[in-house]
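Note sheet for the following structure.
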Amino acid sequence: MASQPPTRLAILDDYSGVARQHFARIPNLHIDDFADTLNPSKPADLETLASRLQPYQIVSTMRERTPFPAELIRRLPNLKLILNASARNASIDIAFASERGILVSGTKGEAPTGARDLENLPSLPPPKGHSSVVQHNWALTLALLSRISQDDAAVKAQGKAAWHSGLMVPIAGRTLGIVGLGKLGVGTAKVGVLGFGMKVIAWSENLTQSKADEAAEGAGLPKGSFKAVSKEELFREADVVSLHLVLSARSRGIVGESELAQMKKTAILINTSRGPLIDEEAFIDVLEKGGIRGAGLDVYWEEPLPKDSKWRSVDSWAKSEVVLSPHMGYVNKGTIHRWYQEQAENVERWMKGEEVLNPMS
């Protein structure tokens with residue numbers, strides 16, 4: 001009896017090169033890696049993606065790096081299973097995939113309990129209730145206010161300005177403005193209160209003081225630690241504005257010309273959530289004029305940033321201080337490996353005809 005042809009798996013956007021090791025132990029699975037991200041909203045990229053992925057029954061994705069709209073899915077007749085990293089992904093047209101009989105599975109990214117999974121995991125994800133996004137959010141904040149990137153470059157350059165070329169800004173007792181008091185917003189606020197004695201004010205469209213008190217108590221802080229304010233008051237009073245909203249039609253561009261104009265000239269804005277929460281054109285204008293002290297960005301309006309992106313030359317045009325990182329907030333060793341480990345388990349289950357874990361469709 002002839003052996004079954006191998007199932008074909010395409011791994012997309014694995015910038016760190018860690019996925020293959022988790023899938024390689026699965027028998028009769030042919031694996032190909034495609035680390036160059038293509039954007040299917042661009043006609044040329046859509047053509048390339050459709051041609052590239054046509055032979056594969058399974059595609060491993062990494063968050064929203066490569067969207068899967070209906071226009072792409074309908075051109076992939078062999079596709080049967082989309083492996084998502086994380087529990088949700090608005091860039092996959094899950095409803096259309098379901099219509100086509102394509103399964104979409106998610107991952108939790110939590111520490112495993114099984115002995116085999118623990119043995120094959122090089123690092124554990126953050127404990128439940130903690131997030132590396134909060135850590136990275138504070139890394140950007142402190143890098144800006146403590147002049148880490150400027151002083152690092154100056155000292156290594158060994159020039160005249162290599163010693164005490166500027167002044168750091170203390171944040172103890174200053175005001176932290178949290179836009180979106182969800183899990184990440186609360187985590188960031190808690191560090192501000194306990195680590196730096198900051199005053200925390202917060203806003204979202206449905207936030208009340210009662211909900212803010214509940215969030216504070218849930219984080220182990222006294223009632224009243226977080227003050228619910230209007231959006232105008234937050235942008236007017238905060239020394240650090242930190243964005244923690246999910247991107248949606250309602251939240252897109254929620255920080256625009258008006259909000260940026262209300263910020264103190266000495267304030268900074270941190271965004272580890274999603275780039276399009278901010279009106280890019282208005283933001284560039286403010287930074288060009290030095291309208292605020294600075295910005296720390298981990299997310300952008302197009303990712304990865306094109307080589308000719310204006311943000312790659314920000315030091316040449318911005319009068320405000322700007323610190324950039326390449327969407328690293330969630331890219332911690334434990335979670336990334338665990339996501340791929342969970343994806344591999346779902347491949348095994350699907351190939352055996354079993355139900356996948358964490359189905360999204």
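Following the order of the structure tokens, chains are lettered A, B, ..., residues in each are numbered from 1, and ligands are numbered from 1.
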Quiz prompt | Residue contacts of Lys265 (chain A) (12 Å, only C-alpha atoms) excluding same-chain residues fewer than 5 positions away, as a PyMOL selection string | solution = chain A and resi 235-240+260+286-287+289-295+319-321
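Comparing A:Arg312, A:Arg250, A:His244, A:Arg338 by their smallest distance to Val18 (chain A), the closest is A:Arg338 (using only C-alpha atoms).
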Exercise. Pick out the closest residue to Phe23 (chain A) from this set: A:Trp339, A:Phe226, A:Phe283, A:Phe196. Count only C-alpha atoms.
Key: A:Trp339
Hey, which bits of region 332-358 of chain A sit within 9 Å of region 100-114 of chain A, and for each residue what's the closest pair of atoms and how far apart in Å (one decimal), counting only C-alpha atoms, rows by chain and increasing number, as a tab-separated table?
residue	atom	partner	partner_atom	distance
A:Gly334	CA	A:Ala111	CA	8.3
A:Thr335	CA	A:Gly109	CA	5.4
A:Ile336	CA	A:Gly109	CA	7.7
A:His337	CA	A:Gly109	CA	8.6
A:Arg338	CA	A:Gly109	CA	5.5
A:Trp339	CA	A:Gly109	CA	5.3
A:Tyr340	CA	A:Thr107	CA	8.5
A:Glu342	CA	A:Thr107	CA	6.1
A:Gln343	CA	A:Thr107	CA	7.0
A:Asn346	CA	A:Ser105	CA	7.7
A:Val356	CA	A:Ser105	CA	6.8
A:Leu357	CA	A:Ser105	CA	6.8
A:Asn358	CA	A:Gly106	CA	5.2
Practice problem: Can you pull out every residue within 10 Å of Leu207 (chain A), counting only C-alpha atoms, but drop anything in the same chain fewer than 6 positions away, and send it as a PyMOL selection string? | Solution: chain A and resi 180-181+227-230
If you keep C-alpha atoms, can you produce a file of those selected residues as a short mmCIF file (atom, residue, chain, number, x, y, z; two decimals), in the first residue's frame?
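Result went into out11.cif, see below:
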data_model
loop_
_atom_site.label_atom_id
_atom_site.label_comp_id
_atom_site.auth_asym_id
_atom_site.auth_seq_id
_atom_site.Cartn_x
_atom_site.Cartn_y
_atom_site.Cartn_z
CA GLY A 180 -7.85 51.98 28.44
CA LEU A 181 -7.99 50.46 31.92
CA LYS A 227 -9.11 58.26 39.17
CA ALA A 228 -11.56 58.16 36.25
CA VAL A 229 -11.42 61.42 34.30
CA SER A 230 -12.56 62.83 30.97
#
Exercise. Please provide the set of residues having any atom within 8 Å of region 62-69 of chain A, restricted to only C-alpha atoms, with same-chain residues fewer than 2 positions apart removed, written as JSON, numbers by chain.
Key: {"A": [12, 13, 14, 37, 38, 39, 40, 60, 71, 72, 73, 84, 85, 86, 89, 90, 91, 92, 93, 303, 304]}
Practice problem: From region 180-297 of chain A, collect each residue whose DSSP state is alpha helix (DSSP H) and return the set as a PyMOL selection string. | Solution: chain A and resi 183-196+209-218+231-237+257-262+280-289
Quiz item: For Asn137 (chain A), which residue among A:Leu243, A:Leu81, A:Met360, A:Ala97 is the nearest when counting only C-alpha atoms?
Solution: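 The shortest atom-to-atom distance to Asn137 (chain A) comes from A:Leu243.
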Quiz item: Quick one: of A:Met168, A:Ser242, A:Ser258, A:Gly218, who's nearest to Ala202 (chain A), counting only C-alpha atoms?
Solution: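 Ranked by minimum distance to Ala202 (chain A), first place goes to A:Ser242.
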Quiz item: Looking only at the backbone, which of the residues in region 140-330 of chain A does DSSP tag as strand (DSSP E or B), as a PyMOL selection string?
Solution: chain A and resi 175-179+199-203+226-228+240-243+255+268-271+278+294-297+321-324
Exercise. May I ask for the distance between CA of Leu53 (chain A) and CA of Ser248 (chain A), given in Å to one decimal place?
Key: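 Atom-to-atom, CA of Leu53 (chain A) and CA of Ser248 (chain A) are spaced 28.2 Å apart.
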Counting only C-alpha atoms, what are the residues of region 133-152 of chain A within 12 Å of region 115-128 of chain A, and for each of them which pair of atoms is the nearest and at what distance in Å, to one decimal? Sort the table by chain and rising number, as a Markdown table.
| residue | atom | partner | partner_atom | distance |
| --- | --- | --- | --- | --- |
| A:Val133 | CA | A:Pro126 | CA | 10.4 |
| A:Val134 | CA | A:Pro126 | CA | 11.0 |
| A:Gln135 | CA | A:Pro126 | CA | 10.6 |
